[in-house]
Structure formats: C-alpha cells, structure tokens
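Please read the structure below before turning to the comments.
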Amino acid sequence: MSDLEKFRRETRVWLEANCPPEMRRPMTSEADTFWGGRNTKFSSEPQQVWFERMRDKGWTVPHWPKEYGGGGLDAEEAKIVRQEMAVIGARQPLTSFGISMLGPALLKYGTELQKKQHLPKITAGLIRWCQGYSEPNAGSDLASLQTRAESDGEDFVITGQKIWTSYANYADWIFCLVRTDASAKKHDGISFILFDMASKGVSTKPILLISGYSPFCETFFDNVRVPKANVVGTVNRGWDVAKYLLQHERAMISGMGERGVGRPLGQVAADSVGTDEQGRLEDPMLRGQIATFEIDEAALACAAERAVDLAKAGQAHPAFSSAMKYYGTELNKRRYEILMSAGGVDALEWESERSKGGARARAWLRTKANSIEGGTSEVMLGIVAKRILDLPGA
C-alpha cells in the first residue's frame, strides 16, 4: 500500500468517526454555514462539534502550514481530504474570506509577524474578514479607487468609502485597497492594508437587495487611524497583492457552480413535476435541461481538479481563475433557472409557509449578482480573450 493509499484509508476512517450525521446533509439555509469571528454563534451542537474536531485536526485549512494552524498537508493529501469529505457529503466546517482570499495573499506577501498574528486566528475561526475593494466609482475599473490613506507619523489616516462589501456588518477586520500616492499612475500608488472594523471612524450600512436579503454593505472610513505596519507587501505596490488575491477570490466564487450544493436537480424537480413509470421526470424537456446541466456541472468539477493539478505542477495560468469564475457563476444562474422552472407557479411564492418564506425565489434573485460580484462576466470574458486566447484586438 502506497503512502497516499494509506493516508486515504486513515482519512476515510477518521471522517466517518468524527463527522456528525447532521453535518452530512445538504445545507438548507444561511445558518448552516459557519463563518467564525468574534461574535460568532453556532446554529447547532453538531455544527460546533464538527468545527472543533476539524479545527483541532488542523483541517479547517488542511494545506496551510502547521505553524499557522493548518494541517501541513501537501497538495495530494489535501485533495484526498476534499474527495473523502465529498464522498460522505460532509459540509465545510468553516467558511471564511480569510481562508479563500486573504490567507493566500498573506502567505505570499505578508511578513512573518503578520502571518503569525492573523493566520492562526483564521484557521481557528476566531476572526471574520471582509474585503474593501469596490467603490461607488471604482467597480470593474477597480484601479480608479479614491479612498485615501495619508501618512501621519507611524500611521496612515484613511478616508473614503467602499461598496458591495460582503458581510461587512458582521466582520471583525477588513483587507482594504487604499490610495497612498495620489500623484502616481492609476495602478500605482495603491497599498493593501489590514485594520480592525471596530476602529474609530469605521461604519457600515447594509444594502437591501431585490431578494429581500442584505449580504452587501456600504462601508465608510472617516479619518481611521491604522498603523503602517499593517500594510501587506510594499507601500504603493498593493496592486500586485490585489491581483493575486483576485485569482483566489474568483476561484472561490467559481465553486458555486460545482455539484454538491443541496439535493440533485432531478430529485428537486420530481417533487413538483412527478415521475413516469420508469422513474423518470414526467416533463421530457425539463429532463433534457437537467441532463445537459449536469454534464456541464461535471465538466466544471473536472476543470477545477485540473486547476489544482496545474498549480501543484507550477503550470497554472494566472488568468485561468477568470475562466472558472465566468463558467461557475453562469452555471449557478442556470441551476436556479431550472429550479424555478421545475417549481412552476409554486416557486414564485414569497411569504407562504409552504415555500419557507420564498426561499427558492429569493435564492434565484440572489444569483443575478453572481455574474457581477468578483468581476463581471463581461470583464472575465475580456481577460480570457486577451490573456488566454490572445485574440487580436482584445
């Protein structure tokens, strides 16, 4: 038996023994996601047990170094953990922008002091992060941001506004792009800085979406004093950090298109449409749509595995995450279009008990933002055309 085969067998045994049955069921609401943070609350005892066992194992982020609270696994071992979790339907024990976005940037650009200060808190679920990138006049053209950071001794004093700041009203800290040199070219003079959301001068205002939910916020900075030691990377070279982090953000967002989110579409559709004598969906058109979707869903999963393998081999293309982000978000929008079709008139219910407060309709409306957040689909296609396909005029 090879070392990897032995590791897989041991992983399977450990997961079977330690993952509560309740944590192997599809998630049904936002409460099923554990984000961590200073003010966190567990939605159930099984959720807490599962998180604490994975945290103690180092498997909230199995591929991070042990000295920062990770599992110290290599790429192949971490892949096995993901695969074996998928086999039993295990939920992620911890969801965090610190894991999916900030952590990789800190590992590459952060000082040793910054890594030791923040990474162990991320893996232990003690800190929840938000992202301060977009501004009212700097969305797709992010480098046009105008939030200022003016030098004052050992500190920067930050003034400005961010928008579409996901879960800013729940976050403990923010990783933020600020302009530290107003005279420099647009992509220069930007710095990447970290600070506490409890700092004096920071305020947030939720933005109510058409779905009825408010995952996004406006975030305001009024003379917020932040130590210069909190800059990640080099002052005025924050665009390098920002671009690297965006690769990881887009890869994370693309994951919403992968299979394993709730019950299979065919089963959900059967609840409304019914089945024929062979156990197939009664509606052949819907059957065909679901079959096509599931093929594309499987293709995305294969592309995601390929991306991991290329990264491990040092052959990853920096723009590949843009292709994945485009495909994953468009696929998730298709998923909910099918769910709405399968539900018929009942899927349009908004408040009734039968529809659990319009859960399906609200989720469908929420997906409309998928092709905007993290970079619009149009911008992603432009990056693919220019940097991967090398098309003339792109």
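The chains in the structure tokens are called A, B, ... from first to last as shown; in each chain the residues are counted from 1, and the ligands are counted from 1 in the order shown.
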- Message: With only C-alpha atoms as the counted atoms, please give the residues lying no more than 12 Å from Arg387 in chain A, apart from itself and same-chain residues fewer than 3 positions off, as an MDAnalysis selection string.
- Response: chainID A and resid 317:323 379:384 390:394
- Message: Residues near range 335-345 of chain A, anyone? I mean within 6 Å using only C-alpha atoms, not counting same-chain ones fewer than 2 positions away, as JSON, numbers by chain.
- Response: {"A": [269, 272, 332, 333, 347, 348, 364]}
Proximity of range 69-183 of chain A to range 41-51 of chain A: per-residue shortest pair, 10 Å limit, only C-alpha atoms, as CSV:
```
residue,atom,partner,partner_atom,distance
A:Ala90,CA,A:Trp50,CA,9.5
A:Arg91,CA,A:Trp50,CA,9.0
A:Gln92,CA,A:Phe51,CA,8.5
A:Pro93,CA,A:Phe51,CA,4.7
A:Leu94,CA,A:Phe51,CA,6.7
A:Ala124,CA,A:Phe51,CA,9.0
A:Gly125,CA,A:Phe51,CA,8.8
```
- Would you please extract all strand (DSSP E or B) residues from range 132-359 of chain A, as assigned by DSSP on the backbone, and give them as a PyMOL selection string? chain A and resi 132+135+138+148-152+155-162+173-179+190-196+202-207+216-227+231-232+237+275+281
Residues within 6 Å of Thr159 in chain A, please, as a CSV table (one decimal) with N, CA and C atoms, in the first residue's frame. Count only C-alpha atoms; anything in the same chain fewer than 6 positions from it doesn't count.
```
chain,number,residue,atom,x,y,z
A,147,THR,N,-10.3,56.0,-2.2
A,147,THR,CA,-10.1,56.0,-0.7
A,147,THR,C,-8.7,56.4,-0.4
A,148,ARG,N,-8.5,57.4,0.4
A,148,ARG,CA,-7.2,58.0,0.7
A,148,ARG,C,-6.6,57.4,2.0
A,221,PHE,N,-15.2,55.2,5.9
A,221,PHE,CA,-14.0,55.4,6.7
A,221,PHE,C,-13.9,56.9,6.9
A,222,ASP,N,-13.9,57.4,8.1
A,222,ASP,CA,-13.8,58.8,8.5
A,222,ASP,C,-12.6,59.0,9.4
A,223,ASN,N,-11.5,59.3,8.7
A,223,ASN,CA,-10.2,59.5,9.5
A,223,ASN,C,-9.9,58.3,10.4
```
- Message: Between CA of Arg225 in chain A and CA of Val157 in chain A, what is the distance in Å, rounded to a tenth?
- Response: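 So the answer is 4.6 Å.
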- Task: May I ask for the distance between CA of Ala138 in chain A and CA of Trp239 in chain A, given in Å to one decimal place?
- Result: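 Answer for the CA of Ala138 in chain A to CA of Trp239 in chain A separation: 13.9 Å.
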- Task: Please indicate the distance in Å from CA of Ser144 in chain A to CA of Trp173 in chain A, rounded to one decimal place.
- Result: 23.3 Å
Need to verify the contact set: range 101-118 of chain A, 8 Å, only C-alpha atoms, exclusion of same-chain residues closer than 5 positions in sequence. Can you return it as a compact mmCIF listing (two decimals) with all heavy atoms, in the first residue's frame?
```txt
# COMPACT_ATOMS: atom_id res chain seq x y z
N TYR A 68 0.88 27.80 11.37
CA TYR A 68 -0.17 28.82 11.29
C TYR A 68 -1.55 28.23 11.54
O TYR A 68 -2.56 28.85 11.21
CB TYR A 68 -0.13 29.50 9.92
CG TYR A 68 1.21 30.08 9.55
CD1 TYR A 68 1.80 29.84 8.31
CD2 TYR A 68 1.92 30.85 10.47
CE1 TYR A 68 3.03 30.37 7.98
CE2 TYR A 68 3.16 31.39 10.15
CZ TYR A 68 3.71 31.14 8.90
OH TYR A 68 4.95 31.65 8.57
N PHE A 175 -9.60 43.65 4.84
CA PHE A 175 -8.41 43.85 4.00
C PHE A 175 -8.84 44.81 2.90
O PHE A 175 -9.83 44.61 2.22
CB PHE A 175 -7.84 42.53 3.46
CG PHE A 175 -8.82 41.59 2.84
CD1 PHE A 175 -9.04 41.57 1.46
CD2 PHE A 175 -9.51 40.67 3.62
CE1 PHE A 175 -9.93 40.68 0.89
CE2 PHE A 175 -10.39 39.77 3.06
CZ PHE A 175 -10.62 39.77 1.69
N ASN A 230 0.60 47.57 9.23
CA ASN A 230 -0.48 46.73 8.74
C ASN A 230 -0.54 46.63 7.23
O ASN A 230 -1.39 45.93 6.68
CB ASN A 230 -1.82 47.24 9.26
CG ASN A 230 -2.02 46.98 10.75
OD1 ASN A 230 -1.06 46.70 11.46
ND2 ASN A 230 -3.24 47.08 11.22
N VAL A 232 0.33 45.17 3.80
CA VAL A 232 0.82 43.88 3.32
C VAL A 232 1.58 44.12 2.01
O VAL A 232 1.07 44.77 1.10
CB VAL A 232 -0.34 42.89 3.08
CG1 VAL A 232 0.20 41.58 2.50
CG2 VAL A 232 -1.10 42.64 4.37
N GLY A 233 2.80 43.60 1.94
CA GLY A 233 3.64 43.87 0.78
C GLY A 233 4.28 45.25 0.91
O GLY A 233 4.50 45.75 2.02
N VAL A 241 -0.57 42.69 -4.82
CA VAL A 241 -1.26 41.85 -3.85
C VAL A 241 -2.72 41.68 -4.26
O VAL A 241 -3.28 40.58 -4.20
CB VAL A 241 -1.17 42.45 -2.44
CG1 VAL A 241 -1.78 41.51 -1.40
CG2 VAL A 241 0.27 42.78 -2.07
N TYR A 244 -3.21 39.17 -7.10
CA TYR A 244 -3.01 37.80 -6.64
C TYR A 244 -4.22 37.32 -5.85
O TYR A 244 -4.70 36.20 -6.03
CB TYR A 244 -1.74 37.73 -5.79
CG TYR A 244 -1.40 36.34 -5.31
CD1 TYR A 244 -0.84 35.41 -6.18
CD2 TYR A 244 -1.65 35.95 -3.99
CE1 TYR A 244 -0.53 34.13 -5.75
CE2 TYR A 244 -1.34 34.68 -3.55
CZ TYR A 244 -0.78 33.77 -4.43
OH TYR A 244 -0.49 32.50 -4.00
N LEU A 245 -4.74 38.19 -4.99
CA LEU A 245 -5.90 37.82 -4.19
C LEU A 245 -7.12 37.59 -5.09
O LEU A 245 -7.92 36.68 -4.84
CB LEU A 245 -6.19 38.91 -3.16
CG LEU A 245 -7.32 38.62 -2.17
CD1 LEU A 245 -7.00 39.19 -0.80
CD2 LEU A 245 -8.65 39.19 -2.65
N LEU A 246 -7.28 38.41 -6.13
CA LEU A 246 -8.42 38.26 -7.03
C LEU A 246 -8.46 36.90 -7.70
O LEU A 246 -9.53 36.34 -7.95
CB LEU A 246 -8.42 39.37 -8.08
CG LEU A 246 -8.96 40.73 -7.64
CD1 LEU A 246 -8.71 41.78 -8.71
CD2 LEU A 246 -10.45 40.65 -7.32
N HIS A 248 -7.63 34.12 -6.34
CA HIS A 248 -8.21 33.20 -5.35
C HIS A 248 -9.69 33.49 -5.12
O HIS A 248 -10.48 32.57 -4.93
CB HIS A 248 -7.41 33.28 -4.05
CG HIS A 248 -6.03 32.71 -4.17
ND1 HIS A 248 -5.76 31.38 -3.97
CD2 HIS A 248 -4.85 33.30 -4.50
CE1 HIS A 248 -4.47 31.16 -4.16
NE2 HIS A 248 -3.90 32.30 -4.48
N GLU A 249 -10.06 34.78 -5.14
CA GLU A 249 -11.47 35.12 -4.98
C GLU A 249 -12.29 34.54 -6.12
O GLU A 249 -13.37 33.96 -5.91
CB GLU A 249 -11.65 36.64 -4.94
CG GLU A 249 -13.11 37.05 -4.81
CD GLU A 249 -13.33 38.55 -4.96
OE1 GLU A 249 -12.43 39.25 -5.42
OE2 GLU A 249 -14.44 39.00 -4.60
```
